[in-house]
Amino acid sequence: DVGFLRALLADVKQRITVDASKVYAIGMSNGAMMAYRLACEAAEDFRGIMAVAGTDNTRSCQPSRPVPVLHIHARNDDRVLFDGGAGQAFRNEALVNDFVSVPATIQKWVRLNRAGATPRRVLEVDGAWCERHEAGETGAPVQLCVTREGGHSWPGGASSRGQTPSTAISANQLMWEFFTHP
């Protein structure tokens with residue numbers, strides 16, 4: 001999958017002008033897990049990642065450079081559980097993996113990105129909050145946004161699979177702010 005996405009990016013770059021400083025990997029659920037894998041294995045191609053409702057389950061990760069990370073997750077996600085493991089909905093789909101917890105994912109990237117150990121609260125609204133681990137001189141930021149409700153969905157988005165997304169925050173707006181003001 002990493003090879004395919006790198007080849008796809010190379011093909012797009014041959015067809016149109018691409019500002020390499022503005023290429024990001026963004027995904028939800030399995031797509032979020034893929035974004036983390038791209039950060040681990042193709043950091044030179046992606047300037048940052050955003051993961052929604054999916055954690056970093058890579059077995060080994062040695063990015064070639066620090067990669068800014070924005071992670072958004074609902075506390076009540078019933079598929080990729082906030083505190084780790086696979087929810088019943090995924091178990092019913094014969095998925096046997098247990099997922100890494102959100103806190104473990106964030107701590108992993110704080111370490112890999114050489115970001116500050118103590119986060120700073122950058123947003124607090126009814127039903128959601130965001131904390132940011134600032135980049136050191138040679139690192140990259142890691143920001144975690146948590147919604148109280150919303151399940152396994154894209155905050156501020158449309159309902160899917162019977163999940164009602166959180167309206168406390170907009171993942172699209174947070175993504176724009178994070179990538180334009182790292």
# chains A, B, ... in the order shown; residues from 1 in each chain; ligands from 1

$ select_by_dssp --residues "chain A" --states "alpha helix (DSSP H)" --output "PyMOL selection string"
chain A and resi 2-15+30-41+88-91+102-112+171-180

$ residues_around --residues "Phe178 (chain A)" --least-positions-apart "2" --cutoff "10 Å" --atoms "only C-alpha atoms" --output "short mmCIF file (atom, residue, chain, number, x, y, z; two decimals) with all heavy atoms, in the first residue's frame"
data_model
loop_
_atom_site.label_atom_id
_atom_site.label_comp_id
_atom_site.auth_asym_id
_atom_site.auth_seq_id
_atom_site.Cartn_x
_atom_site.Cartn_y
_atom_site.Cartn_z
N GLY A 48 2.80 16.15 6.67
CA GLY A 48 2.10 15.94 7.92
C GLY A 48 0.96 14.97 7.71
O GLY A 48 0.65 14.62 6.57
N ILE A 49 0.38 14.53 8.83
CA ILE A 49 -0.76 13.62 8.73
C ILE A 49 -1.88 14.07 9.65
O ILE A 49 -1.65 14.74 10.66
CB ILE A 49 -0.39 12.15 9.04
CG1 ILE A 49 -0.06 11.97 10.52
CG2 ILE A 49 0.73 11.66 8.14
CD1 ILE A 49 -0.13 10.52 11.00
N MET A 50 -3.09 13.64 9.29
CA MET A 50 -4.24 13.78 10.17
C MET A 50 -4.92 12.43 10.24
O MET A 50 -5.20 11.82 9.21
CB MET A 50 -5.22 14.82 9.65
CG MET A 50 -6.45 14.95 10.56
SD MET A 50 -7.48 16.31 10.01
CE MET A 50 -9.03 15.49 9.90
N PRO A 68 4.51 16.29 11.49
CA PRO A 68 3.41 16.85 12.27
C PRO A 68 2.20 15.91 12.25
O PRO A 68 1.83 15.37 11.20
CB PRO A 68 3.09 18.16 11.55
CG PRO A 68 4.39 18.55 10.90
CD PRO A 68 5.00 17.24 10.46
N VAL A 69 1.60 15.70 13.43
CA VAL A 69 0.48 14.78 13.58
C VAL A 69 -0.69 15.49 14.24
O VAL A 69 -0.54 16.08 15.31
CB VAL A 69 0.89 13.56 14.45
CG1 VAL A 69 -0.33 12.71 14.80
CG2 VAL A 69 1.96 12.73 13.77
N LEU A 70 -1.85 15.40 13.60
CA LEU A 70 -3.12 15.82 14.19
C LEU A 70 -3.97 14.57 14.31
O LEU A 70 -4.22 13.88 13.32
CB LEU A 70 -3.83 16.85 13.30
CG LEU A 70 -5.26 17.22 13.70
CD1 LEU A 70 -5.33 17.79 15.11
CD2 LEU A 70 -5.86 18.19 12.68
N PRO A 141 5.12 19.12 15.82
CA PRO A 141 4.05 19.10 16.80
C PRO A 141 3.17 17.85 16.70
O PRO A 141 3.07 17.22 15.65
CB PRO A 141 3.23 20.34 16.47
CG PRO A 141 3.44 20.54 15.00
CD PRO A 141 4.86 20.10 14.75
N VAL A 142 2.55 17.53 17.81
CA VAL A 142 1.56 16.46 17.88
C VAL A 142 0.35 17.06 18.59
O VAL A 142 0.47 17.56 19.70
CB VAL A 142 2.09 15.24 18.67
CG1 VAL A 142 0.99 14.18 18.82
CG2 VAL A 142 3.34 14.67 18.02
N GLN A 143 -0.80 17.01 17.93
CA GLN A 143 -2.01 17.58 18.52
C GLN A 143 -3.09 16.50 18.60
O GLN A 143 -3.36 15.82 17.61
CB GLN A 143 -2.51 18.77 17.71
CG GLN A 143 -3.71 19.45 18.33
CD GLN A 143 -4.00 20.78 17.69
OE1 GLN A 143 -3.10 21.60 17.50
NE2 GLN A 143 -5.25 21.03 17.36
N ASN A 172 -12.58 19.21 9.60
CA ASN A 172 -12.07 19.96 8.44
C ASN A 172 -11.43 21.28 8.87
O ASN A 172 -10.35 21.64 8.41
CB ASN A 172 -13.19 20.24 7.45
CG ASN A 172 -13.69 19.00 6.76
OD1 ASN A 172 -13.12 17.91 6.89
ND2 ASN A 172 -14.78 19.13 6.02
N GLN A 173 -12.10 22.00 9.77
CA GLN A 173 -11.56 23.28 10.24
C GLN A 173 -10.27 23.08 11.03
O GLN A 173 -9.30 23.81 10.85
CB GLN A 173 -12.60 24.02 11.10
CG GLN A 173 -12.14 25.38 11.56
CD GLN A 173 -11.90 26.35 10.42
OE1 GLN A 173 -12.63 26.34 9.43
NE2 GLN A 173 -10.88 27.17 10.54
N LEU A 174 -10.26 22.08 11.90
CA LEU A 174 -9.04 21.80 12.68
C LEU A 174 -7.88 21.43 11.77
O LEU A 174 -6.74 21.84 12.00
CB LEU A 174 -9.30 20.70 13.70
CG LEU A 174 -10.21 21.09 14.86
CD1 LEU A 174 -10.60 19.86 15.67
CD2 LEU A 174 -9.54 22.13 15.75
N MET A 175 -8.17 20.63 10.75
CA MET A 175 -7.13 20.23 9.80
C MET A 175 -6.55 21.46 9.11
O MET A 175 -5.33 21.60 9.00
CB MET A 175 -7.74 19.27 8.77
CG MET A 175 -6.85 18.93 7.60
SD MET A 175 -7.60 17.76 6.45
CE MET A 175 -9.18 18.47 6.10
N TRP A 176 -7.41 22.33 8.62
CA TRP A 176 -6.96 23.54 7.94
C TRP A 176 -6.05 24.38 8.85
O TRP A 176 -4.98 24.80 8.46
CB TRP A 176 -8.17 24.35 7.48
CG TRP A 176 -7.80 25.61 6.80
CD1 TRP A 176 -7.85 26.87 7.31
CD2 TRP A 176 -7.28 25.74 5.47
NE1 TRP A 176 -7.40 27.78 6.39
CE2 TRP A 176 -7.05 27.12 5.25
CE3 TRP A 176 -6.99 24.83 4.45
CZ2 TRP A 176 -6.54 27.60 4.04
CZ3 TRP A 176 -6.48 25.32 3.25
CH2 TRP A 176 -6.27 26.69 3.06
N THR A 180 -2.01 24.85 8.19
CA THR A 180 -1.60 26.19 7.74
C THR A 180 -0.79 26.92 8.80
O THR A 180 -0.08 27.87 8.48
CB THR A 180 -2.80 27.05 7.32
OG1 THR A 180 -3.74 27.14 8.38
CG2 THR A 180 -3.47 26.48 6.08
N HIS A 181 -0.90 26.49 10.06
CA HIS A 181 -0.14 27.13 11.15
C HIS A 181 0.50 26.06 12.04
O HIS A 181 0.12 25.92 13.18
CB HIS A 181 -1.04 28.01 12.00
CG HIS A 181 -1.78 29.06 11.27
ND1 HIS A 181 -1.61 29.35 9.96
CD2 HIS A 181 -2.75 29.92 11.67
CE1 HIS A 181 -2.42 30.32 9.60
NE2 HIS A 181 -3.12 30.68 10.61
N PRO A 182 1.43 25.30 11.46
CA PRO A 182 2.03 24.23 12.27
C PRO A 182 2.83 24.83 13.39
O PRO A 182 3.04 24.46 14.41
CB PRO A 182 2.93 23.48 11.30
CG PRO A 182 3.13 24.37 10.14
CD PRO A 182 2.02 25.38 10.16
#

$ atom_distance --atom1 "CA of Arg37 (chain A)" --atom2 "CA of Asn57 (chain A)"
8.2 Å

$ closest_residue --among "A:Val80, A:Ala135, A:Leu38, A:Ala115" --to "Asp98 (chain A)" --atoms "only C-alpha atoms"
A:Val80

$ residues_around --residues "Trp129 (chain A)" --least-positions-apart "3" --cutoff "10 Å" --atoms "only C-alpha atoms" --output "count of residues only"
14

$ residues_around --residues "Gln163 (chain A)" --least-positions-apart "4" --cutoff "10 Å" --atoms "only C-alpha atoms" --output "list in words"
Asp77, Asp78, Glu149, Gly150, Gly151, His152, Ser153, Trp154, Ala158 and Ser159 of chain A

$ closest_residue --among "A:Ala7, A:Val52, A:Val67, A:Cys130" --to "Ser21 (chain A)" --atoms "only C-alpha atoms"
A:Val67

$ residues_around --residues "Gly54 (chain A)" --least-positions-apart "4" --cutoff "6 Å" --atoms "only C-alpha atoms" --output "ChimeraX atom specification"
/A:29,32-33

$ write_last_selection --atoms "C-alpha atoms" --output "compact mmCIF listing (two decimals), in the first residue's frame"
# COMPACT_ATOMS: atom_id res chain seq x y z
CA SER A 29 -10.42 4.57 10.55
CA ALA A 32 -6.01 6.97 9.61
CA MET A 33 -3.95 3.87 10.26

$ atom_distance --atom1 "CA of Met34 (chain A)" --atom2 "CA of Ser166 (chain A)"
22.9 Å

$ atom_distance --atom1 "CA of Ala25 (chain A)" --atom2 "CA of Leu81 (chain A)"
21.9 Å

$ select_by_dssp --residues "region 59-180 of chain A" --states "strand (DSSP E or B)" --output "ChimeraX atom specification"
/A:69-74,80,86,115,120-125,128-133,135,142-147,160,163

$ write_last_selection --atoms "N, CA, C and O atoms" --output "compact mmCIF listing (two decimals), in the first residue's frame"
# COMPACT_ATOMS: atom_id res chain seq x y z
N VAL A 69 1.60 15.70 13.43
CA VAL A 69 0.48 14.78 13.58
C VAL A 69 -0.69 15.49 14.24
O VAL A 69 -0.54 16.08 15.31
N LEU A 70 -1.85 15.40 13.60
CA LEU A 70 -3.12 15.82 14.19
C LEU A 70 -3.97 14.57 14.31
O LEU A 70 -4.22 13.88 13.32
N HIS A 71 -4.37 14.25 15.53
CA HIS A 71 -5.18 13.05 15.79
C HIS A 71 -6.51 13.50 16.40
O HIS A 71 -6.52 14.24 17.38
N ILE A 72 -7.63 13.00 15.84
CA ILE A 72 -8.96 13.32 16.36
C ILE A 72 -9.68 12.01 16.65
O ILE A 72 -9.69 11.11 15.81
N HIS A 73 -10.26 11.92 17.85
CA HIS A 73 -10.87 10.65 18.25
C HIS A 73 -12.00 10.92 19.24
O HIS A 73 -11.88 11.77 20.12
N ALA A 74 -13.09 10.17 19.11
CA ALA A 74 -14.20 10.27 20.05
C ALA A 74 -13.97 9.32 21.22
O ALA A 74 -13.53 8.18 21.02
N VAL A 80 -12.78 1.51 17.07
CA VAL A 80 -11.38 1.64 17.50
C VAL A 80 -11.45 2.33 18.85
O VAL A 80 -11.56 3.54 18.94
N ALA A 86 -10.38 -3.54 19.99
CA ALA A 86 -11.37 -3.42 18.92
C ALA A 86 -12.76 -3.53 19.53
O ALA A 86 -13.01 -4.43 20.33
N ALA A 115 8.74 16.12 20.43
CA ALA A 115 7.84 17.19 20.84
C ALA A 115 7.86 17.31 22.36
O ALA A 115 8.31 16.39 23.06
N ARG A 120 -0.19 21.46 25.85
CA ARG A 120 -0.85 22.72 26.16
C ARG A 120 -2.27 22.64 25.60
O ARG A 120 -2.47 22.26 24.45
N ARG A 121 -3.26 22.98 26.42
CA ARG A 121 -4.66 22.98 25.96
C ARG A 121 -4.82 24.14 24.98
O ARG A 121 -4.59 25.29 25.33
N VAL A 122 -5.22 23.83 23.75
CA VAL A 122 -5.37 24.86 22.72
C VAL A 122 -6.82 25.09 22.33
O VAL A 122 -7.12 26.04 21.62
N LEU A 123 -7.71 24.20 22.79
CA LEU A 123 -9.13 24.35 22.50
C LEU A 123 -9.92 23.62 23.57
O LEU A 123 -9.57 22.50 23.94
N GLU A 124 -10.96 24.28 24.05
CA GLU A 124 -11.89 23.63 24.95
C GLU A 124 -13.27 24.21 24.69
O GLU A 124 -13.49 25.41 24.85
N VAL A 125 -14.15 23.35 24.21
CA VAL A 125 -15.54 23.72 23.96
C VAL A 125 -16.42 22.64 24.57
O VAL A 125 -15.93 21.56 24.93
N ALA A 128 -15.77 18.84 23.62
CA ALA A 128 -14.48 18.54 22.95
C ALA A 128 -13.35 19.39 23.52
O ALA A 128 -13.57 20.45 24.10
N TRP A 129 -12.15 18.89 23.34
CA TRP A 129 -10.95 19.64 23.71
C TRP A 129 -9.79 19.19 22.82
O TRP A 129 -9.82 18.10 22.24
N CYS A 130 -8.78 20.04 22.72
CA CYS A 130 -7.56 19.72 21.97
C CYS A 130 -6.35 20.09 22.82
O CYS A 130 -6.34 21.13 23.47
N GLU A 131 -5.35 19.21 22.80
CA GLU A 131 -4.07 19.48 23.45
C GLU A 131 -2.96 19.32 22.43
O GLU A 131 -3.01 18.42 21.59
N ARG A 132 -1.97 20.20 22.55
CA ARG A 132 -0.87 20.22 21.58
C ARG A 132 0.46 20.05 22.29
O ARG A 132 0.75 20.76 23.26
N HIS A 133 1.25 19.13 21.80
CA HIS A 133 2.64 18.97 22.21
C HIS A 133 3.45 19.77 21.19
O HIS A 133 3.48 19.41 20.00
N ALA A 135 6.44 21.44 19.02
CA ALA A 135 7.68 20.94 18.41
C ALA A 135 8.87 21.57 19.11
O ALA A 135 8.84 22.75 19.45
N VAL A 142 2.55 17.53 17.81
CA VAL A 142 1.56 16.46 17.88
C VAL A 142 0.35 17.06 18.59
O VAL A 142 0.47 17.56 19.70
N GLN A 143 -0.80 17.01 17.93
CA GLN A 143 -2.01 17.58 18.52
C GLN A 143 -3.09 16.50 18.60
O GLN A 143 -3.36 15.82 17.61
N LEU A 144 -3.70 16.38 19.76
CA LEU A 144 -4.79 15.45 19.98
C LEU A 144 -6.06 16.24 20.26
O LEU A 144 -6.07 17.11 21.13
N CYS A 145 -7.12 15.92 19.52
CA CYS A 145 -8.44 16.50 19.77
C CYS A 145 -9.39 15.36 20.11
O CYS A 145 -9.44 14.36 19.40
N VAL A 146 -10.12 15.52 21.19
CA VAL A 146 -11.01 14.48 21.69
C VAL A 146 -12.42 15.03 21.77
O VAL A 146 -12.64 16.11 22.32
N THR A 147 -13.37 14.25 21.23
CA THR A 147 -14.78 14.60 21.39
C THR A 147 -15.40 13.63 22.39
O THR A 147 -14.99 12.47 22.48
N SER A 160 -22.83 8.42 9.08
CA SER A 160 -22.56 7.23 8.28
C SER A 160 -22.61 6.01 9.18
O SER A 160 -22.26 6.08 10.36
N GLN A 163 -23.77 6.22 12.73
CA GLN A 163 -23.03 7.02 13.69
C GLN A 163 -23.39 8.49 13.49
O GLN A 163 -23.39 8.98 12.36

$ residues_around --residues "Asp19 (chain A)" --least-positions-apart "3" --cutoff "12 Å" --atoms "only C-alpha atoms" --output "PyMOL selection string"
chain A and resi 9+12-13+16+22-24+45-47

$ closest_residue --among "A:Ala39, A:Leu112, A:Asn76, A:Val102" --to "Pro165 (chain A)" --atoms "only C-alpha atoms"
A:Asn76
